[in-house]
$ cat my_file-v8.pdb   # PDB, C-alpha atoms, pLDDT in the B column
ATOM      1  CA  MET A 719     102.800  93.709  76.572  1.00 52.00           C
ATOM      2  CA  GLN A 720     100.156  95.158  78.887  1.00 52.00           C
ATOM      3  CA  LYS A 721     100.833  92.364  81.403  1.00 53.00           C
ATOM      4  CA  HIS A 722     104.522  93.307  81.523  1.00 44.00           C
ATOM      5  CA  LEU A 723     103.678  96.992  82.035  1.00 50.00           C
ATOM      6  CA  SER A 724     101.368  96.204  84.957  1.00 48.00           C
ATOM      7  CA  ILE A 725     104.062  94.013  86.599  1.00 55.00           C
ATOM      8  CA  ILE A 726     106.674  96.780  86.180  1.00 60.00           C
ATOM      9  CA  ALA A 727     104.254  99.404  87.535  1.00 50.00           C
ATOM     10  CA  THR A 728     103.495  97.206  90.547  1.00 51.00           C
ATOM     11  CA  LEU A 729     107.202  96.683  91.267  1.00 50.00           C
ATOM     12  CA  LEU A 730     107.932 100.419  90.969  1.00 49.00           C
ATOM     13  CA  LEU A 731     105.056 101.250  93.309  1.00 48.00           C
ATOM     14  CA  ALA A 732     106.275  98.667  95.840  1.00 51.00           C
ATOM     15  CA  LEU A 733     109.829 100.096  95.698  1.00 45.00           C
ATOM     16  CA  LEU A 734     108.542 103.634  96.090  1.00 46.00           C
ATOM     17  CA  LEU A 735     106.437 102.772  99.145  1.00 49.00           C
ATOM     18  CA  SER A 736     109.132 100.632 100.776  1.00 46.00           C
ATOM     19  CA  GLY A 737     111.721 103.373 100.257  1.00 44.00           C
ATOM     20  CA  CYS A 738     109.797 105.615 102.627  1.00 50.00           C
ATOM     21  CA  GLY A 739     110.340 103.266 105.547  1.00 46.00           C
ATOM     22  CA  ASP A 740     107.727 101.532 107.609  1.00 43.00           C
ATOM     23  CA  SER A 741     106.634 104.507 109.727  1.00 46.00           C
ATOM     24  CA  ASP A 742     106.766 108.275 109.816  1.00 44.00           C
ATOM     25  CA  THR A 743     107.911 110.180 112.847  1.00 67.00           C
ATOM     26  CA  VAL A 744     106.720 113.679 113.625  1.00 78.00           C
ATOM     27  CA  ARG A 745     108.726 115.668 116.143  1.00 82.00           C
ATOM     28  CA  VAL A 746     107.692 118.970 117.692  1.00 80.00           C
ATOM     29  CA  HIS A 747     110.816 120.922 118.661  1.00 81.00           C
ATOM     30  CA  GLY A 748     108.953 123.620 120.552  1.00 78.00           C
ATOM     31  CA  MET A 749     106.350 126.317 120.424  1.00 79.00           C
ATOM     32  CA  LYS A 750     107.274 129.599 118.766  1.00 85.00           C
ATOM     33  CA  GLY A 751     104.208 131.619 119.675  1.00 83.00           C
ATOM     34  CA  VAL A 752     100.560 131.983 120.599  1.00 82.00           C
ATOM     35  CA  LYS A 753      98.255 134.409 118.812  1.00 87.00           C
ATOM     36  CA  PHE A 754      94.791 135.312 120.065  1.00 84.00           C
ATOM     37  CA  VAL A 755      92.317 135.321 117.140  1.00 89.00           C
ATOM     38  CA  SER A 756      88.804 135.841 118.478  1.00 89.00           C
ATOM     39  CA  LEU A 757      86.348 135.392 121.316  1.00 84.00           C
ATOM     40  CA  ASP A 758      82.727 134.640 120.418  1.00 86.00           C
ATOM     41  CA  SER A 759      80.369 134.016 123.347  1.00 82.00           C
ATOM     42  CA  LYS A 760      81.964 130.907 124.908  1.00 86.00           C
ATOM     43  CA  THR A 761      84.440 130.065 122.128  1.00 89.00           C
ATOM     44  CA  LEU A 762      88.042 131.251 122.248  1.00 86.00           C
ATOM     45  CA  CYS A 763      90.054 130.870 119.020  1.00 90.00           C
ATOM     46  CA  PHE A 764      93.843 131.111 118.903  1.00 86.00           C
ATOM     47  CA  ASN A 765      96.758 129.952 116.753  1.00 89.00           C
ATOM     48  CA  LEU A 766      99.731 127.985 118.059  1.00 86.00           C
ATOM     49  CA  THR A 767     102.905 128.229 115.989  1.00 88.00           C
ATOM     50  CA  LEU A 768     104.940 125.043 116.388  1.00 87.00           C
ATOM     51  CA  ASP A 769     108.399 124.123 115.141  1.00 87.00           C
ATOM     52  CA  ALA A 770     107.585 120.675 113.693  1.00 87.00           C
ATOM     53  CA  GLU A 771     109.583 118.144 111.705  1.00 88.00           C
ATOM     54  CA  ASN A 772     108.519 115.133 109.646  1.00 86.00           C
ATOM     55  CA  THR A 773     111.629 112.957 109.354  1.00 85.00           C
ATOM     56  CA  LYS A 774     110.323 110.473 106.787  1.00 81.00           C
ATOM     57  CA  CYS A 775     109.321 110.989 103.166  1.00 82.00           C
ATOM     58  CA  GLY A 776     105.521 110.718 103.346  1.00 83.00           C
ATOM     59  CA  THR A 777     103.110 113.521 104.196  1.00 87.00           C
ATOM     60  CA  VAL A 778     101.418 113.151 107.573  1.00 86.00           C
ATOM     61  CA  LYS A 779      98.038 114.761 108.298  1.00 89.00           C
ATOM     62  CA  LEU A 780      96.671 115.666 111.701  1.00 89.00           C
ATOM     63  CA  LYS A 781      92.958 115.341 111.082  1.00 88.00           C
ATOM     64  CA  ASP A 782      91.312 115.773 114.443  1.00 90.00           C
ATOM     65  CA  VAL A 783      92.223 116.846 117.974  1.00 91.00           C
ATOM     66  CA  ASN A 784      89.688 116.469 120.761  1.00 93.00           C
ATOM     67  CA  PHE A 785      90.942 117.328 124.258  1.00 93.00           C
ATOM     68  CA  THR A 786      89.238 118.179 127.515  1.00 95.00           C
ATOM     69  CA  ALA A 787      91.038 121.138 129.120  1.00 92.00           C
ATOM     70  CA  TRP A 788      91.494 122.024 132.802  1.00 92.00           C
ATOM     71  CA  LEU A 789      92.844 125.153 134.465  1.00 88.00           C
ATOM     72  CA  GLY A 790      94.153 123.849 137.756  1.00 83.00           C
ATOM     73  CA  GLU A 791      91.512 121.353 138.885  1.00 87.00           C
ATOM     74  CA  ARG A 792      88.611 123.165 137.212  1.00 89.00           C
ATOM     75  CA  GLU A 793      87.372 121.949 133.844  1.00 92.00           C
ATOM     76  CA  LEU A 794      87.554 124.718 131.224  1.00 90.00           C
ATOM     77  CA  GLY A 795      85.995 123.044 128.212  1.00 93.00           C
ATOM     78  CA  THR A 796      86.937 121.286 124.987  1.00 95.00           C
ATOM     79  CA  ILE A 797      89.921 121.996 122.716  1.00 93.00           C
ATOM     80  CA  LYS A 798      89.566 121.164 119.021  1.00 94.00           C
ATOM     81  CA  THR A 799      91.471 121.980 115.860  1.00 92.00           C
ATOM     82  CA  THR A 800      89.552 123.894 113.226  1.00 91.00           C
ATOM     83  CA  GLU A 801      91.580 122.727 110.210  1.00 93.00           C
ATOM     84  CA  LYS A 802      93.525 119.666 109.112  1.00 92.00           C
ATOM     85  CA  ILE A 803      97.285 120.105 109.469  1.00 91.00           C
ATOM     86  CA  LYS A 804      99.673 118.701 106.834  1.00 91.00           C
ATOM     87  CA  LEU A 805     103.363 118.075 107.440  1.00 89.00           C
ATOM     88  CA  LYS A 806     105.267 117.367 104.248  1.00 90.00           C
ATOM     89  CA  GLY A 807     107.948 114.699 104.276  1.00 88.00           C
ATOM     90  CA  ARG A 808     111.572 115.321 105.222  1.00 89.00           C
ATOM     91  CA  ARG A 809     110.985 118.904 106.276  1.00 90.00           C
ATOM     92  CA  ARG A 810     111.225 120.994 109.402  1.00 92.00           C
ATOM     93  CA  SER A 811     108.961 123.999 109.305  1.00 91.00           C
ATOM     94  CA  ASP A 812     106.819 126.338 111.339  1.00 92.00           C
ATOM     95  CA  CYS A 813     103.340 124.896 111.549  1.00 91.00           C
ATOM     96  CA  VAL A 814     100.387 127.114 112.465  1.00 91.00           C
ATOM     97  CA  VAL A 815      97.711 125.133 114.296  1.00 90.00           C
ATOM     98  CA  PRO A 816      94.332 126.917 114.554  1.00 93.00           C
ATOM     99  CA  VAL A 817      92.750 125.887 117.856  1.00 91.00           C
ATOM    100  CA  GLN A 818      89.280 126.443 119.217  1.00 93.00           C
ATOM    101  CA  LEU A 819      88.534 126.270 122.953  1.00 90.00           C
ATOM    102  CA  GLU A 820      84.833 125.861 123.759  1.00 93.00           C
ATOM    103  CA  LEU A 821      84.478 127.098 127.337  1.00 91.00           C
ATOM    104  CA  ASN A 822      82.001 125.751 129.883  1.00 91.00           C
ATOM    105  CA  THR A 823      81.367 129.191 131.418  1.00 87.00           C
ATOM    106  CA  LEU A 824      81.681 132.709 130.093  1.00 83.00           C
ATOM    107  CA  ALA A 825      83.655 133.774 133.192  1.00 82.00           C
ATOM    108  CA  ASP A 826      86.595 131.630 132.056  1.00 83.00           C
ATOM    109  CA  ALA A 827      86.799 133.680 128.863  1.00 78.00           C
ATOM    110  CA  LEU A 828      87.935 136.726 130.843  1.00 75.00           C
ATOM    111  CA  LYS A 829      90.815 134.756 132.369  1.00 75.00           C
ATOM    112  CA  LEU A 830      91.935 133.496 128.975  1.00 74.00           C
ATOM    113  CA  THR A 831      91.877 136.775 127.039  1.00 66.00           C
ATOM    114  CA  ASN A 832      95.431 137.294 128.331  1.00 68.00           C
ATOM    115  CA  LEU A 833      96.529 134.084 126.635  1.00 64.00           C
ATOM    116  CA  ASN A 834     100.295 133.683 126.962  1.00 66.00           C
ATOM    117  CA  GLU A 835     102.848 130.944 127.565  1.00 67.00           C
ATOM    118  CA  ARG A 836     102.588 131.248 131.357  1.00 74.00           C
ATOM    119  CA  LEU A 837      98.841 130.680 131.257  1.00 77.00           C
ATOM    120  CA  LEU A 838      99.247 127.854 128.736  1.00 73.00           C
ATOM    121  CA  SER A 839     101.593 126.094 131.162  1.00 78.00           C
ATOM    122  CA  GLN A 840      98.743 125.961 133.699  1.00 86.00           C
ATOM    123  CA  ILE A 841      96.291 124.349 131.259  1.00 87.00           C
ATOM    124  CA  LYS A 842      96.159 120.551 131.396  1.00 91.00           C
ATOM    125  CA  VAL A 843      94.655 118.424 128.635  1.00 92.00           C
ATOM    126  CA  GLU A 844      93.420 114.874 128.169  1.00 94.00           C
ATOM    127  CA  GLY A 845      91.864 113.254 125.130  1.00 93.00           C
ATOM    128  CA  SER A 846      92.789 111.993 121.703  1.00 92.00           C
ATOM    129  CA  MET A 847      94.100 113.043 118.318  1.00 88.00           C
ATOM    130  CA  ARG A 848      93.768 111.332 114.969  1.00 90.00           C
ATOM    131  CA  GLY A 849      96.362 111.377 112.221  1.00 86.00           C
ATOM    132  CA  SER A 850      96.822 109.654 108.898  1.00 86.00           C
ATOM    133  CA  ARG A 851      99.245 108.833 106.152  1.00 82.00           C
ATOM    134  CA  MET A 852      97.799 107.941 102.780  1.00 79.00           C
ATOM    135  CA  LEU A 853      94.762 105.757 103.566  1.00 81.00           C
ATOM    136  CA  VAL A 854      95.925 104.547 106.991  1.00 84.00           C
ATOM    137  CA  SER A 855      94.581 106.380 110.032  1.00 86.00           C
ATOM    138  CA  LYS A 856      95.594 106.111 113.690  1.00 87.00           C
ATOM    139  CA  LYS A 857      94.072 107.489 116.873  1.00 88.00           C
ATOM    140  CA  ILE A 858      96.457 108.436 119.688  1.00 87.00           C
ATOM    141  CA  HIS A 859      95.190 108.755 123.270  1.00 89.00           C
ATOM    142  CA  VAL A 860      96.790 111.379 125.510  1.00 87.00           C
ATOM    143  CA  ASP A 861      96.753 111.090 129.307  1.00 91.00           C
ATOM    144  CA  LYS A 862      96.114 114.179 131.449  1.00 91.00           C
ATOM    145  CA  GLN A 863      99.191 116.421 131.317  1.00 89.00           C
ATOM    146  CA  PRO A 864     100.123 120.116 130.908  1.00 87.00           C
ATOM    147  CA  LEU A 865      99.543 121.369 127.360  1.00 81.00           C
ATOM    148  CA  LEU A 866     103.078 122.776 127.035  1.00 79.00           C
ATOM    149  CA  ASP A 867     104.611 119.484 128.202  1.00 81.00           C
ATOM    150  CA  LEU A 868     102.604 117.683 125.515  1.00 80.00           C
ATOM    151  CA  ILE A 869     103.820 120.113 122.861  1.00 76.00           C
ATOM    152  CA  LYS A 870     107.474 120.006 123.977  1.00 74.00           C
ATOM    153  CA  SER A 871     107.667 116.234 124.332  1.00 72.00           C
ATOM    154  CA  ALA A 872     105.665 115.353 121.239  1.00 66.00           C
ATOM    155  CA  LYS A 873     107.233 112.478 119.382  1.00 57.00           C
ATOM    156  CA  ILE A 874     104.442 110.980 117.369  1.00 56.00           C
ATOM    157  CA  THR A 875     104.784 107.813 115.355  1.00 52.00           C
ATOM    158  CA  ALA A 876     102.345 107.739 112.506  1.00 47.00           C
ATOM    159  CA  PRO A 877     100.641 104.566 111.279  1.00 48.00           C
ATOM    160  CA  LYS A 878     102.555 102.081 109.174  1.00 51.00           C
ATOM    161  CA  SER A 879     101.777 102.063 105.477  1.00 46.00           C
ATOM    162  CA  LYS A 880     100.606  98.791 103.989  1.00 44.00           C
TER     163      LYS A 880
END
$ encode --input "my_file-v8.pdb" --output "structure tokens"
Amino acid sequence: MQKHLSIIATLLLALLLSGCGDSDTVRVHGMKGVKFVSLDSKTLCFNLTLDAENTKCGTVKLKDVNFTAWLGERELGTIKTTEKIKLKGRRRSDCVVPVQLELNTLADALKLTNLNERLLSQIKVEGSMRGSRMLVSKKIHVDKQPLLDLIKSAKITAPKSK
């Protein structure tokens, strides 16, 4: 009897996982706002509100973002996320992404205290981000490009579940 239950449970689990498709797609439809949070010595913290959609059924997590940021041709510092971001399956929602910008010089902090969409369009980024679904993790490399272009054109394919 126990053997039959384990076979049925295995088949149900396989059907459940295969019903979600072989990959998840996350789409960012645009940025709804930027909110300045704090400025501590050389660290600028702000929140980006994104209109994001996960079109498949599984939850996708953005675990780590590590970008090098430039303002024009001058290197500003490093952009990192301060929290993991979860996008639930088959939903489109506003997603608040807490971001931390570690500046190379304190003088750059004065330029960025007026953080708005126009200034964000001048910031270019390059680096990587890491996402996961269940136990599968994937690292995505991003070439140097304007931050707003990255946000607007984001179509991220998450790792395939096994």
$ closest_residue --input "my_file-v8.pdb" --among "A:Val778, A:Ile797, A:Ile841, A:Met852" --to "Gln818 of chain A" --atoms "only C-alpha atoms"
A:Ile797
$ closest_residue --input "my_file-v8.pdb" --among "A:Ser756, A:Ser839, A:Thr823, A:Thr773" --to "Leu868 of chain A" --atoms "all atoms listed in the file"
A:Ser839
$ closest_residue --input "my_file-v8.pdb" --among "A:Lys760, A:Lys804, A:Arg810, A:Lys750" --to "Ala825 of chain A" --atoms "all atoms listed in the file"
A:Lys760
$ closest_residue --input "my_file-v8.pdb" --among "A:Cys813, A:Leu780, A:Val744, A:Leu762" --to "Leu830 of chain A" --atoms "only C-alpha atoms"
A:Leu762
$ residues_around --input "my_file-v8.pdb" --residues "Arg809 of chain A" --least-positions-apart "4" --cutoff "12 Å" --atoms "all atoms listed in the file" --output "number ranges by chain"
A: 742-746, 769-778, 804-805, 813
$ closest_residue --input "my_file-v8.pdb" --among "A:Gly748, A:Asp758, A:Leu866, A:Phe785" --to "Leu837 of chain A" --atoms "only C-alpha atoms"
A:Leu866
$ closest_residue --input "my_file-v8.pdb" --among "A:Asn822, A:Thr786, A:Ser855, A:Thr800" --to "Lys842 of chain A" --atoms "only C-alpha atoms"
A:Thr786
$ atom_distance --input "my_file-v8.pdb" --atom1 "atom CA of Lys856 of chain A" --atom2 "atom CA of Trp788 of chain A"
25.2 Å
$ decode --input "my_file-v8.pdb" --residues "segment 841-863 of chain A" --atoms "C-alpha atoms" --output "short mmCIF file (atom, residue, chain, number, x, y, z; two decimals), in the first residue's frame"
data_model
loop_
_atom_site.label_atom_id
_atom_site.label_comp_id
_atom_site.auth_asym_id
_atom_site.auth_seq_id
_atom_site.Cartn_x
_atom_site.Cartn_y
_atom_site.Cartn_z
CA ILE A 841 23.28 56.66 -14.82
CA LYS A 842 24.73 53.67 -16.66
CA VAL A 843 25.19 50.26 -15.06
CA GLU A 844 27.11 47.07 -15.73
CA GLY A 845 27.30 43.90 -13.68
CA SER A 846 25.21 40.91 -12.75
CA MET A 847 22.06 39.82 -10.97
CA ARG A 848 21.15 36.45 -9.52
CA GLY A 849 17.67 34.98 -9.42
CA SER A 850 16.16 31.65 -8.49
CA ARG A 851 13.11 29.48 -8.70
CA MET A 852 12.78 26.71 -6.15
CA LEU A 853 16.31 25.27 -5.82
CA VAL A 854 17.59 26.37 -9.23
CA SER A 855 19.61 29.58 -9.39
CA LYS A 856 20.82 31.56 -12.40
CA LYS A 857 23.21 34.48 -12.75
CA ILE A 858 22.49 37.01 -15.51
CA HIS A 859 25.24 39.33 -16.77
CA VAL A 860 24.27 42.83 -17.87
CA ASP A 861 26.38 44.84 -20.33
CA LYS A 862 26.95 48.56 -19.76
CA GLN A 863 23.71 50.43 -20.50
#
